[in-house]
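S.K.: You'll find coords_13.cif just under this line, and it carries mmCIF, C-alpha atoms.
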```
data_data
loop_
_atom_site.label_atom_id
_atom_site.label_comp_id
_atom_site.auth_asym_id
_atom_site.auth_seq_id
_atom_site.Cartn_x
_atom_site.Cartn_y
_atom_site.Cartn_z
CA MET A 297 9.76 3.97 -10.96
CA VAL A 298 11.87 2.13 -8.41
CA SER A 299 10.09 -0.24 -6.02
CA GLU A 300 12.87 -2.43 -4.69
CA HIS A 301 10.88 -4.94 -2.59
CA ALA A 302 7.33 -4.31 -3.74
CA SER A 303 6.75 -5.69 -7.22
CA PRO A 304 3.57 -4.39 -8.87
CA LEU A 305 2.95 -7.98 -10.04
CA ALA A 306 3.00 -9.60 -6.57
CA ALA A 307 0.00 -11.29 -4.99
CA ILE A 308 -2.03 -9.07 -2.67
CA ALA A 309 -0.98 -9.16 1.00
CA GLY A 310 1.85 -11.62 0.45
CA VAL A 311 5.12 -11.32 2.38
CA ASP A 312 6.13 -7.63 2.25
CA ALA A 313 3.41 -7.14 -0.38
CA GLY A 314 0.64 -4.72 0.40
CA GLY A 315 -0.39 -1.16 -0.28
CA GLN A 316 2.89 -0.15 -1.92
CA ASN A 317 2.61 -2.89 -4.54
CA ARG A 318 -0.96 -1.88 -5.35
CA HIS A 319 -0.10 1.81 -5.36
CA VAL A 320 2.81 1.34 -7.77
CA ALA A 321 0.76 -0.89 -10.07
CA GLY A 322 -2.20 1.49 -10.08
CA LEU A 323 -0.10 4.62 -10.57
CA ALA A 324 1.91 3.02 -13.37
CA ALA A 325 -1.29 1.93 -15.12
CA GLY A 326 -2.81 5.40 -14.72
CA LEU A 327 0.27 7.05 -16.20
CA VAL A 328 0.23 4.65 -19.14
CA ARG A 329 -3.41 5.57 -19.79
CA ARG A 330 -2.29 9.20 -19.93
CA GLY A 331 0.24 8.38 -22.64
CA HIS A 332 3.42 7.99 -20.59
CA ALA A 333 5.95 5.17 -20.96
CA VAL A 334 6.55 3.63 -17.54
CA THR A 335 9.17 1.13 -16.38
CA VAL A 336 9.12 -0.24 -12.82
CA TYR A 337 12.44 -1.54 -11.44
CA THR A 338 12.14 -4.13 -8.68
CA ARG A 339 14.62 -6.64 -7.28
CA ARG A 340 14.77 -10.11 -8.83
CA TYR A 341 13.49 -12.42 -6.08
CA ALA A 342 13.34 -15.73 -7.97
CA GLU A 343 15.58 -17.55 -10.47
CA ASP A 344 12.91 -17.94 -13.14
CA LEU A 345 11.92 -14.27 -13.40
CA PRO A 346 12.65 -12.69 -16.80
CA THR A 347 14.78 -9.56 -16.83
CA LYS A 348 11.93 -7.61 -18.41
CA LEU A 349 8.24 -8.19 -19.02
CA THR A 350 5.22 -6.07 -19.84
CA ALA A 351 2.28 -6.01 -17.44
CA PRO A 352 -1.26 -6.29 -18.84
CA ALA A 353 -1.79 -2.61 -18.00
CA GLY A 354 1.01 -1.65 -20.41
CA PHE A 355 3.93 -0.76 -18.15
CA ASP A 356 7.23 -2.64 -18.16
CA VAL A 357 8.67 -4.41 -15.12
CA VAL A 358 12.44 -4.93 -14.92
CA HIS A 359 13.84 -7.40 -12.39
CA VAL A 360 17.19 -6.06 -11.23
CA PRO A 361 19.71 -8.87 -10.59
CA VAL A 362 21.16 -7.79 -7.24
CA GLY A 363 21.44 -10.06 -4.22
CA PRO A 364 20.42 -13.71 -4.19
CA PRO A 365 17.46 -14.54 -6.48
CA ILE A 366 15.24 -15.54 -3.55
CA ALA A 367 12.60 -13.79 -1.49
CA LEU A 368 14.23 -11.81 1.33
CA PRO A 369 12.65 -9.69 4.07
CA LYS A 370 12.77 -6.07 2.99
CA ASP A 371 14.74 -5.09 6.10
CA GLU A 372 17.64 -7.16 4.74
CA LEU A 373 17.83 -5.42 1.36
CA LEU A 374 19.77 -2.25 2.20
CA PRO A 375 23.23 -3.70 1.30
CA TYR A 376 21.97 -4.31 -2.25
CA MET A 377 20.67 -0.80 -2.91
CA ARG A 378 23.94 0.73 -4.13
CA PRO A 379 24.48 -2.10 -6.65
CA PHE A 380 20.80 -1.68 -7.60
CA GLY A 381 21.39 2.01 -8.35
CA ARG A 382 24.60 1.39 -10.29
CA TRP A 383 22.86 -1.31 -12.37
CA MET A 384 20.13 1.14 -13.35
CA ALA A 385 22.68 3.86 -14.14
CA ASP A 386 24.63 1.52 -16.44
CA ARG A 387 21.40 0.59 -18.23
CA TRP A 388 20.41 4.22 -18.71
CA LEU A 389 23.87 5.32 -19.85
CA SER A 390 23.87 2.65 -22.55
CA GLY A 391 20.31 3.42 -23.65
CA ARG A 392 17.72 6.13 -23.14
CA ARG A 393 17.72 7.81 -19.76
CA PRO A 394 14.34 8.37 -18.10
CA ASP A 395 12.78 11.83 -17.89
CA VAL A 396 12.20 11.37 -14.15
CA VAL A 397 12.81 8.66 -11.54
CA HIS A 398 10.15 8.07 -8.87
CA ALA A 399 11.37 6.03 -5.89
CA HIS A 400 8.88 4.21 -3.68
CA PHE A 401 10.05 3.53 -0.10
CA TRP A 402 13.28 4.74 1.47
CA MET A 403 15.51 1.94 0.19
CA SER A 404 14.31 2.56 -3.35
CA GLY A 405 15.28 6.17 -2.68
CA VAL A 406 18.84 5.06 -1.94
CA ALA A 407 19.01 3.21 -5.28
CA ALA A 408 17.48 6.15 -7.16
CA VAL A 409 19.86 8.72 -5.67
CA VAL A 410 22.85 6.46 -6.38
CA ALA A 411 21.72 6.17 -10.01
CA ALA A 412 21.17 9.91 -10.24
CA THR A 413 24.78 10.59 -9.21
CA HIS A 414 25.87 8.84 -12.42
CA VAL A 415 23.04 9.89 -14.71
CA ARG A 416 21.60 13.41 -14.63
CA VAL A 417 17.93 12.83 -13.95
CA PRO A 418 15.43 14.46 -11.55
CA THR A 419 14.24 12.31 -8.65
CA VAL A 420 10.94 12.07 -6.76
CA LEU A 421 10.39 10.09 -3.55
CA THR A 422 7.30 8.62 -1.89
CA TYR A 423 8.20 7.23 1.52
CA HIS A 424 5.07 5.05 1.96
CA ALA A 425 6.06 4.65 5.62
CA LEU A 426 8.51 6.56 7.79
CA GLY A 427 11.00 5.05 10.17
CA THR A 428 10.09 7.58 12.86
CA VAL A 429 6.47 6.46 12.83
CA LYS A 430 7.35 2.77 12.75
CA ARG A 431 9.76 3.13 15.66
CA CYS A 432 7.17 5.06 17.67
CA HIS A 433 4.62 2.28 17.32
CA GLN A 434 6.81 -0.83 17.26
CA GLN A 435 9.66 0.30 19.52
CA GLU A 436 11.87 -2.75 20.30
CA ALA A 437 9.98 -4.83 17.74
CA ASP A 438 11.10 -2.55 14.92
CA THR A 439 13.44 -4.56 12.67
CA SER A 440 14.42 -1.66 10.40
CA PRO A 441 18.13 -0.95 9.88
CA VAL A 442 19.36 1.41 12.62
CA ILE A 443 20.35 4.06 10.07
CA ARG A 444 16.91 4.20 8.46
CA ILE A 445 15.73 7.49 9.97
CA ALA A 446 19.01 9.27 9.21
CA VAL A 447 18.95 8.01 5.62
CA GLU A 448 15.30 9.05 5.18
CA ARG A 449 16.20 12.57 6.33
CA HIS A 450 19.10 12.71 3.87
CA LEU A 451 16.94 11.42 1.02
CA GLY A 452 14.29 14.06 1.64
CA LEU A 453 16.95 16.71 1.19
CA ALA A 454 18.66 15.01 -1.77
CA VAL A 455 15.68 14.38 -4.07
CA ASP A 456 13.93 17.07 -6.10
CA ARG A 457 10.38 16.46 -4.85
CA VAL A 458 8.75 14.40 -2.10
CA ILE A 459 5.19 13.11 -2.47
CA ALA A 460 3.09 12.70 0.69
CA GLN A 461 -0.10 10.68 0.58
CA SER A 462 -1.98 12.41 3.41
CA ALA A 463 -1.88 15.61 5.45
CA ASP A 464 -0.78 13.48 8.39
CA GLU A 465 2.25 12.36 6.39
CA VAL A 466 3.09 15.94 5.40
CA ALA A 467 3.45 16.76 9.09
CA GLU A 468 5.59 13.67 9.68
CA ILE A 469 7.90 14.46 6.76
CA THR A 470 8.39 18.08 7.79
CA ALA A 471 9.14 16.90 11.34
CA LEU A 472 11.91 14.82 9.77
CA GLY A 473 13.50 18.05 8.53
CA VAL A 474 12.36 18.09 4.90
CA PRO A 475 11.38 21.62 3.76
CA VAL A 476 7.63 21.87 3.31
CA GLN A 477 8.04 23.64 -0.05
CA LYS A 478 9.62 20.45 -1.38
CA ILE A 479 6.57 18.32 -0.49
CA ALA A 480 3.56 17.71 -2.74
CA LEU A 481 0.35 16.09 -1.49
CA ALA A 482 -0.93 13.41 -3.87
CA ALA A 483 -3.11 10.69 -2.40
CA SER A 484 -3.21 7.19 -3.82
CA GLY A 485 -5.85 6.46 -6.40
CA VAL A 486 -8.00 3.46 -7.21
CA ASP A 487 -9.18 2.01 -10.51
CA ILE A 488 -12.85 2.89 -10.16
CA ASP A 489 -13.83 0.74 -13.15
CA ARG A 490 -12.25 -2.43 -11.77
CA PHE A 491 -13.13 -1.73 -8.14
CA ALA A 492 -16.86 -1.19 -8.52
CA PRO A 493 -20.10 -2.41 -6.91
CA TRP A 494 -21.03 -4.44 -9.99
CA GLY A 495 -19.33 -7.66 -11.05
CA PRO A 496 -18.73 -11.16 -9.68
CA SER A 497 -18.56 -11.84 -5.96
CA MET A 498 -16.81 -14.58 -3.99
CA PRO A 499 -19.03 -17.31 -2.46
CA ARG A 500 -19.98 -16.82 1.18
CA SER A 501 -21.88 -18.46 4.00
CA ARG A 502 -25.18 -17.22 5.39
CA ARG A 503 -23.36 -15.33 8.12
CA SER A 504 -22.60 -11.63 7.81
CA ARG A 505 -19.07 -11.17 6.48
CA VAL A 506 -16.41 -8.82 7.81
CA LEU A 507 -13.37 -8.69 5.51
CA SER A 508 -9.90 -7.45 6.42
CA VAL A 509 -6.86 -7.25 4.13
CA GLY A 510 -3.20 -6.83 4.97
CA ARG A 511 0.19 -8.40 5.38
CA MET A 512 0.42 -11.04 8.07
CA VAL A 513 2.12 -8.82 10.66
CA GLU A 514 1.03 -7.92 14.17
CA ARG A 515 0.70 -4.19 13.50
CA LYS A 516 -2.24 -4.79 11.15
CA GLY A 517 -4.41 -5.37 14.23
CA PHE A 518 -6.14 -8.57 13.10
CA ASP A 519 -6.13 -9.81 16.70
CA ASP A 520 -8.34 -6.84 17.70
CA LEU A 521 -10.89 -8.02 15.15
CA ILE A 522 -10.79 -11.54 16.57
CA TYR A 523 -11.41 -10.19 20.07
CA ALA A 524 -14.27 -8.05 18.75
CA LEU A 525 -15.80 -11.03 16.97
CA ARG A 526 -16.87 -12.48 20.33
CA ALA A 527 -19.45 -9.70 20.63
CA VAL A 528 -20.68 -10.10 17.04
CA PRO A 529 -21.99 -13.69 17.06
CA GLU A 530 -23.78 -13.43 13.72
CA ALA A 531 -20.61 -12.56 11.79
CA GLU A 532 -17.62 -14.30 10.24
CA LEU A 533 -14.20 -12.71 9.83
CA VAL A 534 -12.28 -13.30 6.61
CA ILE A 535 -8.63 -12.17 6.54
CA ILE A 536 -6.68 -11.94 3.29
CA GLY A 537 -2.92 -11.88 3.75
CA GLY A 538 0.17 -14.02 4.10
CA PRO A 539 2.76 -15.77 1.93
CA GLU A 540 1.89 -16.80 -1.60
CA ASP A 541 2.85 -20.42 -0.85
CA GLY A 542 0.36 -20.87 2.00
CA LEU A 543 -0.03 -20.22 5.71
CA ASP A 544 1.18 -23.53 7.16
CA ASP A 545 4.54 -22.13 8.24
CA GLU A 546 3.43 -18.55 8.90
CA PRO A 547 3.95 -17.69 12.63
CA GLU A 548 1.52 -14.77 12.69
CA ALA A 549 -1.21 -16.91 11.11
CA GLY A 550 -0.61 -19.56 13.76
CA ARG A 551 -0.83 -16.96 16.51
CA LEU A 552 -4.13 -15.60 15.18
CA LEU A 553 -5.67 -19.06 14.83
CA ALA A 554 -4.56 -19.96 18.36
CA LEU A 555 -6.18 -16.76 19.64
CA ALA A 556 -9.39 -17.57 17.76
CA ARG A 557 -9.46 -21.03 19.33
CA LEU A 558 -8.82 -19.59 22.79
CA LEU A 559 -11.71 -17.14 22.36
CA GLU A 560 -13.95 -19.90 20.89
CA VAL A 561 -14.52 -18.10 17.57
CA ALA A 562 -12.27 -20.25 15.37
CA ASP A 563 -15.30 -21.59 13.45
CA ARG A 564 -16.00 -18.01 12.33
CA VAL A 565 -12.45 -16.98 11.33
CA GLN A 566 -11.03 -17.74 7.88
CA LEU A 567 -7.44 -16.99 6.89
CA ILE A 568 -7.31 -16.95 3.11
CA GLY A 569 -3.63 -16.16 2.51
CA ALA A 570 -2.42 -14.07 -0.42
CA VAL A 571 -4.67 -13.70 -3.45
CA PRO A 572 -3.98 -12.49 -7.01
CA PRO A 573 -4.74 -8.81 -7.63
CA GLU A 574 -7.49 -9.55 -10.13
CA ALA A 575 -9.49 -11.43 -7.46
CA MET A 576 -9.68 -8.56 -4.97
CA PRO A 577 -12.80 -6.76 -6.28
CA ALA A 578 -14.82 -9.99 -5.97
CA TRP A 579 -13.62 -10.42 -2.39
CA TYR A 580 -14.65 -6.88 -1.47
CA ARG A 581 -18.09 -7.34 -3.04
CA SER A 582 -18.64 -10.45 -0.95
CA ALA A 583 -18.33 -8.48 2.30
CA ASP A 584 -20.91 -6.62 4.37
CA LEU A 585 -18.15 -4.60 6.03
CA VAL A 586 -14.45 -4.08 5.44
CA ALA A 587 -12.44 -3.55 8.64
CA CYS A 588 -9.07 -1.73 8.74
CA THR A 589 -7.53 -1.86 12.22
CA PRO A 590 -3.76 -1.21 11.93
CA TRP A 591 -1.71 0.41 14.67
CA TYR A 592 -0.66 3.00 12.09
CA GLU A 593 -1.23 3.43 8.36
CA PRO A 594 0.41 6.06 6.11
CA PHE A 595 -2.54 5.98 3.72
CA GLY A 596 -4.75 2.88 3.68
CA LEU A 597 -5.48 1.76 0.11
CA THR A 598 -7.67 -1.14 1.30
CA ALA A 599 -10.27 1.31 2.60
CA LEU A 600 -10.36 3.10 -0.76
CA GLU A 601 -10.77 -0.11 -2.72
CA ALA A 602 -13.63 -1.17 -0.46
CA MET A 603 -15.32 2.21 -0.78
CA ALA A 604 -15.02 2.06 -4.57
CA CYS A 605 -16.80 -1.30 -4.43
CA GLY A 606 -19.63 0.26 -2.43
CA VAL A 607 -18.76 -1.50 0.84
CA PRO A 608 -18.75 0.53 4.10
CA VAL A 609 -15.51 0.66 6.07
CA VAL A 610 -14.92 0.41 9.81
CA ALA A 611 -11.44 1.70 10.56
CA TYR A 612 -9.15 2.89 13.27
CA GLY A 613 -8.74 6.64 12.85
CA VAL A 614 -4.97 6.54 12.29
CA GLY A 615 -2.84 8.18 9.58
CA GLY A 616 -4.43 8.40 6.18
CA LEU A 617 -7.45 6.33 7.23
CA GLY A 618 -8.70 9.34 9.17
CA GLU A 619 -8.80 11.30 5.90
CA SER A 620 -10.06 8.77 3.37
CA VAL A 621 -12.88 7.37 5.58
CA LEU A 622 -15.44 9.98 6.59
CA ASP A 623 -16.95 9.01 9.92
CA GLY A 624 -20.70 8.56 9.59
CA VAL A 625 -20.56 9.29 5.85
CA THR A 626 -18.61 6.50 4.13
CA GLY A 627 -18.05 4.32 7.18
CA ALA A 628 -17.12 4.56 10.83
CA LEU A 629 -13.91 5.57 12.60
CA VAL A 630 -13.01 4.00 15.94
CA ASP A 631 -10.27 4.99 18.36
CA PRO A 632 -7.20 2.74 17.92
CA GLY A 633 -7.29 -0.21 20.31
CA ASP A 634 -10.92 0.37 21.35
CA ILE A 635 -12.09 -3.22 20.94
CA VAL A 636 -15.43 -2.58 22.64
CA GLY A 637 -16.11 0.34 20.31
CA LEU A 638 -15.00 -1.74 17.34
CA ALA A 639 -17.33 -4.60 18.27
CA THR A 640 -20.28 -2.29 18.96
CA THR A 641 -19.81 -0.43 15.67
CA MET A 642 -19.60 -3.64 13.62
CA ALA A 643 -22.62 -5.17 15.39
CA ASP A 644 -24.74 -2.06 14.87
CA LEU A 645 -23.90 -1.80 11.17
CA LEU A 646 -24.40 -5.50 10.47
CA THR A 647 -27.96 -5.28 11.77
CA ASP A 648 -28.82 -2.15 9.75
CA ASP A 649 -29.01 -2.95 6.04
CA ALA A 650 -30.24 0.53 5.09
CA GLU A 651 -27.36 2.25 6.90
CA ARG A 652 -24.78 -0.01 5.25
CA GLU A 653 -26.29 0.73 1.85
CA ARG A 654 -26.20 4.49 2.54
CA LEU A 655 -22.57 4.38 3.69
CA GLY A 656 -21.59 2.16 0.75
CA MET A 657 -23.16 4.50 -1.81
CA ALA A 658 -21.45 7.50 -0.23
CA GLY A 659 -18.14 5.64 -0.19
CA ARG A 660 -18.46 4.88 -3.90
CA CYS A 661 -19.19 8.54 -4.64
CA ARG A 662 -16.18 9.69 -2.59
CA ALA A 663 -13.87 7.23 -4.33
CA VAL A 664 -15.08 8.37 -7.76
CA ASP A 665 -14.99 12.09 -6.96
CA ARG A 666 -11.71 12.26 -5.04
CA TYR A 667 -9.64 9.11 -5.51
CA ASP A 668 -10.05 8.16 -9.17
CA GLY A 669 -6.76 6.59 -10.23
CA ASP A 670 -6.59 8.68 -13.41
CA PHE A 671 -6.95 11.88 -11.38
CA SER A 672 -4.22 10.69 -9.01
CA ALA A 673 -1.92 9.89 -11.95
CA ALA A 674 -2.48 13.36 -13.39
CA ARG A 675 -1.57 14.92 -10.06
CA VAL A 676 1.64 12.87 -9.83
CA ALA A 677 2.53 13.74 -13.42
CA ARG A 678 2.38 17.41 -12.44
CA VAL A 679 4.83 16.69 -9.62
CA TYR A 680 7.16 15.08 -12.18
CA SER A 681 6.99 18.26 -14.27
CA GLU A 682 7.81 20.34 -11.18
CA ALA A 683 10.80 18.11 -10.44
CA ARG A 684 12.14 18.61 -13.97
CA LEU A 685 11.63 22.37 -13.77
CA ARG A 686 13.69 22.57 -10.59
CA LEU A 687 16.73 21.69 -12.70
CA PRO A 688 16.15 23.06 -16.24
CA THR A 689 19.26 21.35 -17.62
CA TYR A 690 17.57 17.99 -16.97
CA ALA A 691 14.50 18.99 -18.96
CA ALA A 692 16.68 20.27 -21.79
CA SER A 693 18.70 17.06 -21.99
CA THR A 694 15.79 14.57 -22.17
#
```
Just give me the structure as structure tokens.

M.R.:
Amino acid sequence: MVSEHASPLAAIAGVDAGGQNRHVAGLAAGLVRRGHAVTVYTRRYAEDLPTKLTAPAGFDVVHVPVGPPIALPKDELLPYMRPFGRWMADRWLSGRRPDVVHAHFWMSGVAAVVAATHVRVPTVLTYHALGTVKRCHQQEADTSPVIRIAVERHLGLAVDRVIAQSADEVAEITALGVPVQKIALAASGVDIDRFAPWGPSMPRSRRSRVLSVGRMVERKGFDDLIYALRAVPEAELVIIGGPEDGLDDEPEAGRLLALARLLEVADRVQLIGAVPPEAMPAWYRSADLVACTPWYEPFGLTALEAMACGVPVVAYGVGGLGESVLDGVTGALVDPGDIVGLATTMADLLTDDAERERLGMAGRCRAVDRYDGDFSAARVARVYSEARLRLPTYAAST
């Protein structure tokens, strides 16, 4: 696997660390459990990182030495993707080539395709987010390289298979010009043993707790939750996200805290910052509700993790969230930007213990039945087999 900016070992909701990191880590672990050998290639972002290490789940992580060994915003990484691909190709030519390469995100796709021009190997791509969707929602605030959409279209044609994570994303990818017969639908999975209703829980106050998780960027919609909190006086809002080294110099955190002070709810808003992956189940279990209010979301792994922990989800009905969260069954869907509806929905659920328990139980059942990480890994493994069969000479040479 190639995940150029999103290391599977990164803290949850750190800078440029979110659903992709968790998806890659979970998928790699699920494939290992099925007997596959998995190596994840990510860019070296610190001097002290070893070239290779083995994660507790059994997959290897290789830190590719391209660009300065410091954390960089992902939108600045494109110039390093060709060297990234050539570095992998050299490694594979001098050792054992992989049976298949799965790129996560468009820039990883560039590196994978570059490597595949030197080493005959089938390639699979998961976009995780499309430039067309980001530009639609962020417009002038979109910091992506100007060639992103054109490159994404080229990559969709160049790779052997494309994996979409929701029906919404299938439509977006075909609109980009990728043939539908090249696309496979394989939703993210969740470790239903680790993310479960039983187990330790983080300490909490006597107030009802609404938890939200995501990178500290405006499009995650945390400010909508702060506005809604005014109409839910019995609740506290806990937000997990931000840099691993703290929130003191984080502009978005400062903006949210200033908004909370302006609205006189600062005493009920906690910004936690990034947390280690192993702590997330305990955070979910500590919540009465998990809120997901992004402007757009290709899939929405946070909602799945909450559901697996038996916690009902209140979400904007955008992208994959509209598929994973069943309105009135595992949680509640609200129109994007409807702060009044968001506040009313949270207030109603926080005062109805029986309804929250019903939704939480149904969410757990849906996560187990449809989004088990092992089932997701099996589905992706089938896509890998399809990619190899598209070019029989690859299968014969590995």

S.K.: Kindly give the distance, in Å, that separates atom CA of A:Arg330 and atom CA of A:Arg666, rounded to a single decimal.

M.R.: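 Distance reported for this atom pair: 17.9 Å.
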
S.K.: Going by the chain IDs and residue numbers used in this file, which residues fall under the PyMOL selection byres ((chain A and resi 479) around 12)? Write them as a ChimeraX atom specification.

M.R.: /A:420-423,452-453,455-463,465-470,473-478,480-482,676,679,682-683

S.K.: Can you write out the residues you just picked, keeping C-alpha atoms, as a JSON list (two decimals), in the frame of the given file?

M.R.:
```json
[["chain", "number", "residue", "atom", "x", "y", "z"],
["A", 420, "VAL", "CA", 10.94, 12.07, -6.76],
["A", 421, "LEU", "CA", 10.39, 10.09, -3.55],
["A", 422, "THR", "CA", 7.30, 8.62, -1.89],
["A", 423, "TYR", "CA", 8.20, 7.23, 1.52],
["A", 452, "GLY", "CA", 14.29, 14.06, 1.64],
["A", 453, "LEU", "CA", 16.95, 16.71, 1.19],
["A", 455, "VAL", "CA", 15.68, 14.38, -4.07],
["A", 456, "ASP", "CA", 13.93, 17.07, -6.10],
["A", 457, "ARG", "CA", 10.38, 16.46, -4.85],
["A", 458, "VAL", "CA", 8.75, 14.40, -2.10],
["A", 459, "ILE", "CA", 5.19, 13.11, -2.47],
["A", 460, "ALA", "CA", 3.09, 12.70, 0.69],
["A", 461, "GLN", "CA", -0.10, 10.68, 0.58],
["A", 462, "SER", "CA", -1.98, 12.41, 3.41],
["A", 463, "ALA", "CA", -1.88, 15.61, 5.45],
["A", 465, "GLU", "CA", 2.25, 12.36, 6.39],
["A", 466, "VAL", "CA", 3.09, 15.94, 5.40],
["A", 467, "ALA", "CA", 3.45, 16.76, 9.09],
["A", 468, "GLU", "CA", 5.59, 13.67, 9.68],
["A", 469, "ILE", "CA", 7.90, 14.46, 6.76],
["A", 470, "THR", "CA", 8.39, 18.08, 7.79],
["A", 473, "GLY", "CA", 13.50, 18.05, 8.53],
["A", 474, "VAL", "CA", 12.36, 18.09, 4.90],
["A", 475, "PRO", "CA", 11.38, 21.62, 3.76],
["A", 476, "VAL", "CA", 7.63, 21.87, 3.31],
["A", 477, "GLN", "CA", 8.04, 23.64, -0.05],
["A", 478, "LYS", "CA", 9.62, 20.45, -1.38],
["A", 480, "ALA", "CA", 3.56, 17.71, -2.74],
["A", 481, "LEU", "CA", 0.35, 16.09, -1.49],
["A", 482, "ALA", "CA", -0.93, 13.41, -3.87],
["A", 676, "VAL", "CA", 1.64, 12.87, -9.83],
["A", 679, "VAL", "CA", 4.83, 16.69, -9.62],
["A", 682, "GLU", "CA", 7.81, 20.34, -11.18],
["A", 683, "ALA", "CA", 10.80, 18.11, -10.44]]
```

S.K.: Which residues are near A:Thr347? Cut-off 12 Å, all atoms listed in the file, ignore same chain within fewer than 3 positions. Put them as a list in words.

M.R.: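 The filter keeps Val336, Tyr337, Thr338, Arg339, Arg340, Tyr341, Ala342, Glu343, Asp344, Thr350, Asp356, Val357, Val358, His359, Val360, Pro361, Val362 and Pro365 of chain A.
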
S.K.: Using only C-alpha atoms, determine which residues lie at most 9 Å from stretch 517-521 of chain A, disregarding the query and same-chain residues fewer than 2 positions distant; provide the list as a list in words.

M.R.: Ser508, Gly510, Met512, Val513, Glu514, Arg515, Tyr523, Ala524, Leu525, Leu533, Ile535, Arg551, Leu552, Leu555, Ala556, Ala587, Cys588, Thr589, Pro590, Trp591, Gly633, Asp634, Ile635, Leu638 and Ala639 of chain A

S.K.: At what distance in Å, to one decimal, does atom CA of A:Leu629 lie from atom CA of A:Ile536?

M.R.: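 Between atom CA of A:Ile536 and atom CA of A:Leu629 the gap works out to 21.1 Å.
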
S.K.: Which protein, DNA or RNA residues are at most 8 Å from (-14.5, 6.0, -3.8) in the file's coordinates when you count all atoms listed in the file, listed as a list in words?

M.R.: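 Residues close enough to count: Val486, Ile488, Leu600, Glu601, Ala602, Met603, Ala604, Cys605, Gly606, Ala658, Gly659, Arg660, Cys661, Arg662, Ala663, Val664, Asp665, Arg666, Tyr667 and Asp668 of chain A.
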
S.K.: Write a file of the just-selected residues containing C-alpha atoms, as a compact mmCIF listing (two decimals), in the frame of the given file.

M.R.:
```txt
# COMPACT_ATOMS: atom_id res chain seq x y z
CA VAL A 486 -8.00 3.46 -7.21
CA ILE A 488 -12.85 2.89 -10.16
CA LEU A 600 -10.36 3.10 -0.76
CA GLU A 601 -10.77 -0.11 -2.72
CA ALA A 602 -13.63 -1.17 -0.46
CA MET A 603 -15.32 2.21 -0.78
CA ALA A 604 -15.02 2.06 -4.57
CA CYS A 605 -16.80 -1.30 -4.43
CA GLY A 606 -19.63 0.26 -2.43
CA ALA A 658 -21.45 7.50 -0.23
CA GLY A 659 -18.14 5.64 -0.19
CA ARG A 660 -18.46 4.88 -3.90
CA CYS A 661 -19.19 8.54 -4.64
CA ARG A 662 -16.18 9.69 -2.59
CA ALA A 663 -13.87 7.23 -4.33
CA VAL A 664 -15.08 8.37 -7.76
CA ASP A 665 -14.99 12.09 -6.96
CA ARG A 666 -11.71 12.26 -5.04
CA TYR A 667 -9.64 9.11 -5.51
CA ASP A 668 -10.05 8.16 -9.17
```

S.K.: Using the chain letters and residue numbers of this document, give as a PDB file with C-alpha atoms, keeping the file's coordinate frame the residues selected by the PyMOL selection byres ((chain A and resi 409) around 9).

M.R.:
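Saved result, part30.pdb, follows:
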```pdb
ATOM      1  CA  GLY A 381      21.390   2.010  -8.350  1.00  0.00           C
ATOM      2  CA  ALA A 399      11.370   6.030  -5.890  1.00  0.00           C
ATOM      3  CA  SER A 404      14.310   2.560  -3.350  1.00  0.00           C
ATOM      4  CA  GLY A 405      15.280   6.170  -2.680  1.00  0.00           C
ATOM      5  CA  VAL A 406      18.840   5.060  -1.940  1.00  0.00           C
ATOM      6  CA  ALA A 407      19.010   3.210  -5.280  1.00  0.00           C
ATOM      7  CA  ALA A 408      17.480   6.150  -7.160  1.00  0.00           C
ATOM      8  CA  VAL A 410      22.850   6.460  -6.380  1.00  0.00           C
ATOM      9  CA  ALA A 411      21.720   6.170 -10.010  1.00  0.00           C
ATOM     10  CA  ALA A 412      21.170   9.910 -10.240  1.00  0.00           C
ATOM     11  CA  THR A 413      24.780  10.590  -9.210  1.00  0.00           C
ATOM     12  CA  THR A 419      14.240  12.310  -8.650  1.00  0.00           C
ATOM     13  CA  LEU A 451      16.940  11.420   1.020  1.00  0.00           C
ATOM     14  CA  ALA A 454      18.660  15.010  -1.770  1.00  0.00           C
ATOM     15  CA  VAL A 455      15.680  14.380  -4.070  1.00  0.00           C
TER      16      VAL A 455
END
```

S.K.: So, with all atoms listed in the file as the atoms that count, which of A:Val415, A:Glu300, A:Asp386, A:Gly616 lies closest to A:Trp402?

M.R.: A:Glu300

S.K.: When distances are computed from all atoms listed in the file, which of A:Glu651, A:Asp584, A:Glu546, A:Glu593 shows the smallest separation from A:Ser497?

M.R.: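 Distance minimum relative to A:Ser497 lands on A:Asp584.
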
S.K.: When the PyMOL selection byres ((chain A and resi 642) around 12) is applied to the structure above, which residues does it catch, written out as a VMD selection string?

M.R.: chain A and resid 504 to 507 521 524 to 533 584 to 588 608 to 611 627 to 630 635 to 641 643 to 648 651 to 652
